[in-house]
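Engineer: Structure provided below as structure tokens; questions to follow.
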Amino acid sequence: MDETHNVKIQVRGLSKVFGKHPKKALELRDQGLKRPEILEKTGQTLGLSNIDFDVHEGELLVIMGLSGSGKSTLIRCLNRLIDTTEGDIVIDDEHIPALSDKALLECRRRHFSMVFQNFALFPHRTVQKNAEFGLEVRGISKSERFKIARNSLAQVGLDGWEDAYPNQLSGGMQQRVGLARALANDASVLLMDEAFSALDPLIRKDMQQELMQLQAKTKKTTVFITHDLDEALSIGDRIVLLKDGEVVQIGTPEEILTNPADDYVRRFIEGVDMSRILTAENAMRPVRSTARESDGPRTALHKMRENSIDSIYVVSRERKLLGLLEVDAASQAADQGASTVLDYMTQDFRRVKPDEPLQNLFAMFSEKSFPIAVEDDQQHLLGVVVKGAVLDELARAGDQ
Amino acid sequence: MDIVRIPLGEWIEGGLNWLTSEYSVVTRGISRFTQTGIDGLNDALMWLPQWALLAIIVLLCWRASSIRLGIGAGLGLALIWNLGLWDPMIETLTLVVIATLVAVIIALPVGIAAALSERLYRTIMPILDFMQTMPAFVYLIPAIPFFGIGSVSAIFATVIFSMPPAIRFTTLGIRQVPVDLIEAADAYGATRSQKLFKVQLPLSLPTLMAGINQTIMLALSMVVIAAMIGADGLGSEVWRAIQRLRPGDGFEAGIAVVILAMLLDRLTQSLRRSRR
């Protein structure tokens, strides 16, 4: 990630205590006591403690933690559905904990749309009227909000369902309405509170894909809460890991997988299906030897013998991958006195991009067991993946 | 040794007497206003020929509910007409309608306020318990010094007796609105009144209608009892039958009350169900 991203929301030193004597709980916290001891001594629940993180403009930030980690409290602190006890949240120079009631309404209308775990659709309103809610509350004219809501319903694929009531829709469709309601509002930040957790796995995958596409297209700053690490890894630009109301690690999915901050994160990662997250790049080895387009058959044969391999990739001067030369074809070329090997190459091998998931590679190994070529978008050869390397990588990931 | 009896009754009487004398202008004003309302509605319903009113009610039942309710209403009302109880029935209906109207007008804002304020809720609930469990007859006694003998006193007692369910159900309905819907409304920046009118009230409507249905039923039973303090209607027919020991007359009037009750109940219930 580059360092020039604009910060959209700053969370600094945020704490939340549930109970009537928050001061006492925070004092104990500062003395180094943990949540269970504080609860026992004061009867106060330390929901969140000293949370610091930034949400960058246009990113999809996932806040991930198990139940009781405080993630739902945290997202509700952002738009102050829950009042904070200590600390500051700044969005575009507005200090959310300090806002007056009236300013808070304005701030919520301008900055926050929210999608809820159990959809929270209004059962007495049609799909259309649900999608219009945010605009209606803001006093947008009837014809305009009708147009905008219709548009956002189309965006989530609900054309033709405008006049239905929520209870006539399936769970997945209901959450689309929830998403449309949020999109129609066009606030600057989209808050998603376990938005897909109530959906069944297949629909959930679809919704994740759609959200990522939508997000890539609109560049809407999104804060997504989940308890599911798989989900966090597959949709998040960055992930904030919460445990017992504290931040354990902040980083890209890659950073968290390869460099877990502590045992807690490590244990978490063990449960992840590694083959899905690891990509060709992880298992890729540098190419030991390549033939150049100007090489004659004898040079190519020499290189193969030197490295004890029975096929070699042929690349151009710019390292563009041209083809694969097998040892039989090379000797044939030598017998026929050919000056280059270009006419004897085969294209019968697999090329993949570095971000190809590892699990897809398994199926690609043909019986001939050619290494799989990894190339970038300009067809430059980056490296090769051999069958053994895939297994090695998976075994290594499992051991961690 | 003698324990001094607490003069609770004397205190209450003293308080009531004071209220009556201090606020006689107010009570007389209310009395005149209510009487005008009663007479107006009564005259209007009486002015319509029996068959026309009957047809209107049958049509209403049919439209709002089903043809079955329409037929039932037609048969029931025809029986009342045939027994010569049409006019008392209208008088009773008038009292019920006006008492319910007053009760609901008071109950709605009180119920909403109690739903939104925990403190008010805790203050109001014991008062409602008191109002509902106090034997209904007792309300009749102070009604007389306030408003004199007659229909206005009946309305006063009826309103007090029948209002609690409307308040309770309104409060219940609003409190039953799922928290996540309230949260959604908040998250999108709805003001308190937007929340109330766009989310809480529409969603509590079915419960609210159940409360109004209860209020109507209680009002009907009280209006009949109120015959003891001179309210007109089917109740006074029953009262007369008791005094003259004529069980036949008593049952005729009683059956008319039952028919009216069933009619009102089914009608309001179907109104409630036709809402989504």
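In the structure tokens, chains take the letters A, B, ... in the order shown, each chain's residues start at 1, and ligands count up from 1 in the order shown.
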I need the contact residues of chain A against chain B, so if you could list those with any atom within 12 Å, counting only C-alpha atoms, and return them as number ranges by chain, that would help.
Structural biologist: A: 75-82, 101-126, 129-139, 165, 167, 178, 181-187, 189-193
Engineer: Which residues come within 9 Å of Val110 in chain B, counting only C-alpha atoms, excluding same-chain residues fewer than 6 positions away, as an NGL selection string?
Structural biologist: :B and (124 or 167 or 170-171)
Engineer: Taking only range 147-265 of chain B into account, list the residues labelled alpha helix (DSSP H) by DSSP (computed from the backbone), as a PyMOL selection string.
Structural biologist: chain B and resi 147+151-176+179-187+192-195+201-225+234-243+247-265
Engineer: As an NGL selection string, please: all residues of range 160-305 of chain A that backbone DSSP puts in strand (DSSP E or B).
Structural biologist: :A and (189-193 or 221-226 or 238-243 or 246-251 or 279 or 285 or 291-292)
Engineer: Emit the selected residues as a JSON list (two decimals), in the first residue's frame, including C-alpha atoms.
Structural biologist:
[["chain", "number", "residue", "atom", "x", "y", "z"],
["A", 189, "VAL", "CA", -19.02, 5.74, 4.74],
["A", 190, "LEU", "CA", -20.74, 2.39, 4.52],
["A", 191, "LEU", "CA", -20.96, 0.48, 7.81],
["A", 192, "MET", "CA", -21.70, -3.21, 7.52],
["A", 193, "ASP", "CA", -22.46, -5.02, 10.75],
["A", 221, "THR", "CA", -15.15, 3.81, 2.21],
["A", 222, "THR", "CA", -16.48, 0.68, 3.89],
["A", 223, "VAL", "CA", -16.14, -0.68, 7.40],
["A", 224, "PHE", "CA", -17.17, -4.32, 7.51],
["A", 225, "ILE", "CA", -17.63, -6.29, 10.72],
["A", 226, "THR", "CA", -17.33, -10.05, 10.74],
["A", 238, "ARG", "CA", -6.98, -4.26, 5.53],
["A", 239, "ILE", "CA", -8.08, -6.09, 8.65],
["A", 240, "VAL", "CA", -8.32, -4.92, 12.25],
["A", 241, "LEU", "CA", -8.23, -7.92, 14.57],
["A", 242, "LEU", "CA", -10.03, -7.44, 17.87],
["A", 243, "LYS", "CA", -9.83, -9.58, 20.98],
["A", 246, "GLU", "CA", -8.47, -4.61, 22.25],
["A", 247, "VAL", "CA", -6.77, -4.41, 18.89],
["A", 248, "VAL", "CA", -4.45, -7.38, 18.38],
["A", 249, "GLN", "CA", -3.22, -6.68, 14.88],
["A", 250, "ILE", "CA", -3.86, -4.36, 11.96],
["A", 251, "GLY", "CA", -2.69, -5.22, 8.49],
["A", 279, "THR", "CA", -1.50, -18.13, -4.47],
["A", 285, "ARG", "CA", 10.37, -20.67, -7.65],
["A", 291, "ALA", "CA", 16.70, -20.56, -23.30],
["A", 292, "ARG", "CA", 16.83, -17.34, -25.27]]
Engineer: I'd like the interatomic distance between CA of Glu306 in chain A and CA of Leu382 in chain A, to a tenth of an Å.
Structural biologist: 21.2 Å
Engineer: Please provide as an MDAnalysis selection string all residues within 12 Å of Gly211 in chain B, with the sequence filter that same-chain residues fewer than 2 positions apart are discarded (counting only C-alpha atoms).
Structural biologist: chainID B and resid 100 103:104 107:108 111 162:173 204:209 213:218 265 268:269 272
Engineer: Between CA of Gly150 in chain B and CA of Thr34 in chain B, what is the distance in Å, rounded to a tenth?
Structural biologist: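 Value for the CA of Gly150 in chain B-CA of Thr34 in chain B distance: 11.3 Å.
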Engineer: Report the distance between CA of Asp159 in chain A and CA of Leu211 in chain A in Å, rounded to one decimal place.
Structural biologist: 17.6 Å
Engineer: So which one's closest to Leu39 in chain A, A:Ala389, A:Gly19, A:Arg351, A:Val62? Using only C-alpha atoms, please.
Structural biologist: A:Gly19
Engineer: Between B:Leu60, B:Leu128, B:Leu45, B:Ala157, single out the one closest to Ile141 in chain B, counting only C-alpha atoms.
Structural biologist: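 With only C-alpha atoms as the atom set, the closest residue is B:Ala157.
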Engineer: Near Met284 in chain A, within 6 Å and counting only C-alpha atoms, which residues show up once chain neighbours fewer than 3 positions away are dropped, as a PyMOL selection string?
Structural biologist: chain A and resi 280-281+383-385
Engineer: In terms of the shortest atom-to-atom distance over only C-alpha atoms, which of A:Ser234, A:Ile9, A:Thr346, A:Ser141 is closest to Ile96 in chain A?
Structural biologist: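 Residue with the minimum atom-to-atom distance to Ile96 in chain A: A:Ile9.
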Engineer: Which residue gives the smallest distance to Gly13 in chain A among A:Asp52, A:Gly43, A:Asp93, A:Arg266, with only C-alpha atoms counted?
Structural biologist: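 Among the listed residues, the smallest separation from Gly13 in chain A belongs to A:Asp52.
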Engineer: So, with only C-alpha atoms as the atoms that count, which of B:Ala44, B:Leu120, B:Ile155, B:Val58 lies closest to Leu267 in chain B?
Structural biologist: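 Between B:Ala44, B:Leu120, B:Ile155, B:Val58, the residue approaching Leu267 in chain B most closely is B:Val58.
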Engineer: Given only C-alpha atoms as the basis, pick out the residue of B:Ser193, B:Ser236, B:Ser151, B:Thr20 nearest to Arg32 in chain B.
Structural biologist: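 Closest to Arg32 in chain B of all the choices is B:Ser151.
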Engineer: Please list as a VMD selection string every residue within 10 Å of range 5-13 of chain B, counting only C-alpha atoms and excluding residues in the same chain fewer than 5 positions away.
Structural biologist: chain B and resid 18 to 19 142
